[in-house]
Structure formats: structure tokens, C-alpha cells
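**Student:** First the structure, then my questions, so here it is.
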Amino acid sequence: MAWNDNNNQNPWGNNGQTPPELDEVIKDFKNKFSGIFGGKPTAGGQKSATPPTESFKYVFILALLVWILSGIYIIDPAEKGVVLRFGAFQEETGQGPHWHLPFPIESLNRINVEQIRTAQIGYRDAISNRRGGNVSSESLMLTKDENMIDAKFAVQYKINDVQAYLFNVANPDSTLRHVVESAIRQVVGKNTMDYILTEGRIAIADSIQGRSQDLLNAYQTGLQITTVNMQDAQPPEQVQASFSDAVKAREDKQRLINEAQTYANDILPKSRGRAARLLEEAKAYKSEVVSKSEGEAFRFIQILTEYEKAPEVTRERLYRETMENVLANTSKVLVDSKANSMMYLPIDKLIDVKKSRTEVIIQGTQQGQSTQTGGVRNMFRNREVR
């Protein structure tokens, strides 16, 4: 059922009461607002105005409270806070909540002392510079041997003294860049091009860091260099092809030297070992021959002494020993014709001995040649003595 079908109700639900007009609402708001600041109420206002002095007191107290609370600040762990009073240094604060007199009496500067900053010398990357690329005015420099070199360095640093960083130098970051450029040209100018391009990279970077830090400390910039890295070092673009040929030739030279040294390290120990072995064999042969000769000489002297005492006995003994040595290797049987003709000969034993000796000779022909030769020598030597 529509609301106008019922004569006793309206859409606001207040029987017979009309809704407040918009103009009356606005007038009521103006009366309240003007009453706070001591103004006169409008004709339709029902409340009396607040006295002006009391209203300003409340506003002043509220403003003072807001002003005092605006001096509260919190310093992060990686930051240092520097409070300035009318532009002059007042104090340095660390991590945690603090309070200072708000503006315009004191002001606060937050400095991140843990942030690692980077200064690029001789180049700019796409992050720090939209164009990026090389900076020839910074990278080209002269070496000790009067060669041009294109060197690029990356310097990382941080703030170690906040007060010195803010007040001693107008632009500490720019000062650091100029100091590092000066140190780079000084160090590069005292070294040759080959040293800078090859084994001297680390030493060059360390020397630049030390000289730059000394100058920064002298200027009291409050900056500390953490690392200096040589990003790239090469000849100028105009002579890079010729320089590459020279480098390749030097590398080939070093490669051949290394190969020759490797061959020498392989062959020399073998030759020394072979020579030492031959010397030891010669010494052993010498010792063996000398010992045998001395033994033969001593034996001959003993036999000579016995021969001088009893020539016949000694001669007979030598003859018998020689015959024993000669006949010991044969299967022949010698019989004295003057002896008894009736004798027993173990034919089977002799045949077995002959077979076994034949097998031994066949199996050890090579090993037995030296032994047989020695026996023949002894036989002839005994015959000469006889």
C-alpha cells in the first residue's frame, strides 16, 4: 500500500510533524561554530555564545599539545639522528624513540649510516644514469710507460661520522668522487700498462683505496671507503686489435715455456734415476770383482804356502780335486787296470744319474752356462798350478 493512501502517516513516520528544512540545519551549524569563537548567534539560534577568551584558551592548549607531540620521533637501527637548534648542531641520537623541540626551534636530520653507497668512476650503469655507458673523461689516463689505458672503477663507501658528513664539507659525495679520481690517476701513473692489466689489479685497487681514504680523512668528510673494485681495464678502443695480437703472442710464449718446463720436469728425473742406477750397478760390479780377486789371491797364497811345505802332497791333492770337479759332471767310470778285475758296477744307478743330469742340463741350459764355464775355468787354473 502506498504511503499517501493512509491519511494519518507520512514517509518520515512522525505523525503530523514536517521534516527539518536544510536552511535551518545550516543556520544551526553556523550558530554553534560562531559560538565557539565568541560570535553572536543568529536570530533562530537557541543557545548562548561561549565567551571569546575561554574559547581561545582551549584552542591554544590544543595547538600547544599538537606542537609538543610533533617533536616525538623514532630512529631506526641503521640510522643516526642529528638535531639542529636554529641550524646549529645540538645532539646526535641513536636507535629508539626520542623527543626534540619542534619546528621552528629545532629540526631533525635522519642519516643512514649502514647504507653502502657506490661511486662509479669511468662509467655509468643504467640504474644510476638513463644513458649509461663509458665516461672517457674519467676512464682514460696515462701509465708509467707512456701508454693510454681505459680503466673503470667502482667505489663502495658509507658514512662513519654523521656530524662531519653534514657540516665539514659542502658536498661530501662529490668530494669523494674527485678524491678517488685523483688517487686513481696517481696510482696508474706510477705503474706500467702490463702490470695493471695482468697481475696488478688487486694491488692497484688496494693502493687506490688507501690513498683515497687518507685524503678523505684529511678533509674530514666523515666517509669511509669499504671496497674499491677495478671493473675493467683495457687499451683504448683504437688500438685494441693490435694490443690483442701482442697479448696473444705473449700468451703463446708463456705456453711454450710451460710446455718445455713440463717436458724437462718429466725427462730430467728419469735421466737422473737411470744415471744413479748405472752408477750403483758399476759400484756393485766393482765390489764383486775386487772381492773375488782378493779371495782368489788369498787362496793362491794359502796354496803356495802349503806347496812350499810339501810339494808332492800338495800337487797330488790339487790333481785329485781338479779331477773330481771335472769327472763329477760326466757319466764315465774310470777303472784302474791294476786293481781287481772283479767289481760290481751299479749300471741302473749310473743310468738314472745320467738321465737326471741330462734333464737338468736341458731345463737349465741358460742358467747353467755360467756355472759350467766357471768349472772349466777352475779346471784349467788347477792344471796350470799343477
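Identifiers in the C-alpha cells: chain A, B, ... in order shown; residue index from 1 per chain; ligand index from 1 in order shown.
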Can you pull out the residues contacting Val179 of chain A? Cut-off 9 Å, using only C-alpha atoms, and skip same-chain residues under 6 positions away; I want them as a PDB file with N, CA and C atoms, in the first residue's frame.

**Tutor:**
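Now in out.pdb:
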```pdb
ATOM      1  N   ARG A 211      95.072   5.488  -0.516  1.00  0.00           N
ATOM      2  CA  ARG A 211      95.330   6.911  -0.786  1.00  0.00           C
ATOM      3  C   ARG A 211      94.043   7.732  -0.691  1.00  0.00           C
ATOM      4  N   SER A 212      92.958   7.212  -1.208  1.00  0.00           N
ATOM      5  CA  SER A 212      91.693   7.949  -1.156  1.00  0.00           C
ATOM      6  C   SER A 212      91.223   8.132   0.280  1.00  0.00           C
ATOM      7  N   GLN A 213      91.347   7.102   1.099  1.00  0.00           N
ATOM      8  CA  GLN A 213      90.909   7.214   2.487  1.00  0.00           C
ATOM      9  C   GLN A 213      91.751   8.219   3.257  1.00  0.00           C
ATOM     10  N   LEU A 215      93.111  10.952   2.038  1.00  0.00           N
ATOM     11  CA  LEU A 215      92.643  12.292   1.653  1.00  0.00           C
ATOM     12  C   LEU A 215      91.284  12.609   2.277  1.00  0.00           C
ATOM     13  N   LEU A 216      90.385  11.636   2.318  1.00  0.00           N
ATOM     14  CA  LEU A 216      89.075  11.873   2.928  1.00  0.00           C
ATOM     15  C   LEU A 216      89.203  12.170   4.421  1.00  0.00           C
TER      16      LEU A 216
END
```

**Student:** For Asp161 of chain A, list every protein, DNA or RNA residue within 9 Å, evaluated using only C-alpha atoms, and leave out those in the same chain fewer than 5 positions away; present the list as a list in words.

**Tutor:**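 My reading of the contact set: Val113, Leu166, Gln220, Thr221, Gly222, Leu223 and Gln224 of chain A.
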
**Student:** Restricting it to C-alpha atoms, dump the selection as a short mmCIF file (atom, residue, chain, number, x, y, z; two decimals), in the first residue's frame.

**Tutor:**
```
data_model
loop_
_atom_site.label_atom_id
_atom_site.label_comp_id
_atom_site.auth_asym_id
_atom_site.auth_seq_id
_atom_site.Cartn_x
_atom_site.Cartn_y
_atom_site.Cartn_z
CA VAL A 113 74.99 5.13 8.38
CA LEU A 166 76.82 17.23 7.48
CA GLN A 220 87.21 15.33 7.48
CA THR A 221 84.36 14.27 5.21
CA GLY A 222 83.02 11.63 7.57
CA LEU A 223 83.11 8.96 4.81
CA GLN A 224 84.74 5.53 4.92
#
```

**Student:** Could you jot down the atom CA of Thr118 of chain A to atom CA of Lys158 of chain A separation for me, Å, one decimal place?

**Tutor:**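 Taking atom CA of Thr118 of chain A as the start and atom CA of Lys158 of chain A as the end point, the length is 8.7 Å.
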
**Student:** Which residues are close to Gln163 of chain A, i.e. within 12 Å by only C-alpha atoms, leaving aside same-chain residues fewer than 2 positions away? Reply as a ChimeraX atom specification.

**Tutor:** /A:80-84,88-93,109-111,113,159-161,165-169,172,220-223

**Student:** Find the spatial neighbours of Thr198 of chain A, counting only C-alpha atoms, within a cut-off of 12 Å - ignore same-chain residues fewer than 2 positions away - and output them as a PDB file with C-alpha atoms, in the first residue's frame.

**Tutor:**
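Contents of result.pdb, freshly written:
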```pdb
ATOM      1  CA  ASN A 191     102.690   1.604 -12.823  1.00  0.00           C
ATOM      2  CA  THR A 192     103.177   0.078 -16.261  1.00  0.00           C
ATOM      3  CA  MET A 193     100.366  -0.960 -18.530  1.00  0.00           C
ATOM      4  CA  ASP A 194     101.191  -4.692 -18.459  1.00  0.00           C
ATOM      5  CA  TYR A 195     101.244  -4.719 -14.662  1.00  0.00           C
ATOM      6  CA  ILE A 196      97.853  -3.017 -14.460  1.00  0.00           C
ATOM      7  CA  GLY A 200      98.492  -5.867 -10.553  1.00  0.00           C
ATOM      8  CA  ARG A 201      94.705  -5.476 -10.401  1.00  0.00           C
ATOM      9  CA  ILE A 202      94.287  -6.269  -6.717  1.00  0.00           C
ATOM     10  CA  ALA A 203      97.357  -4.291  -5.654  1.00  0.00           C
ATOM     11  CA  ILE A 204      96.222  -1.281  -7.706  1.00  0.00           C
ATOM     12  CA  MET A 230      88.544  -2.488 -10.841  1.00  0.00           C
ATOM     13  CA  ASP A 232      87.561  -3.193 -16.376  1.00  0.00           C
ATOM     14  CA  ALA A 233      90.970  -2.168 -17.683  1.00  0.00           C
ATOM     15  CA  GLN A 234      91.955  -2.307 -21.327  1.00  0.00           C
ATOM     16  CA  VAL A 247      98.757 -10.289 -25.729  1.00  0.00           C
ATOM     17  CA  ARG A 250     102.863 -13.190 -25.070  1.00  0.00           C
ATOM     18  CA  GLU A 251     100.459 -15.934 -24.048  1.00  0.00           C
TER      19      GLU A 251
END
```

**Student:** What does the distance from atom CA of Glu181 of chain A to atom CA of Arg117 of chain A come to in Å, to one decimal?

**Tutor:**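 It comes out at 16.5 Å.
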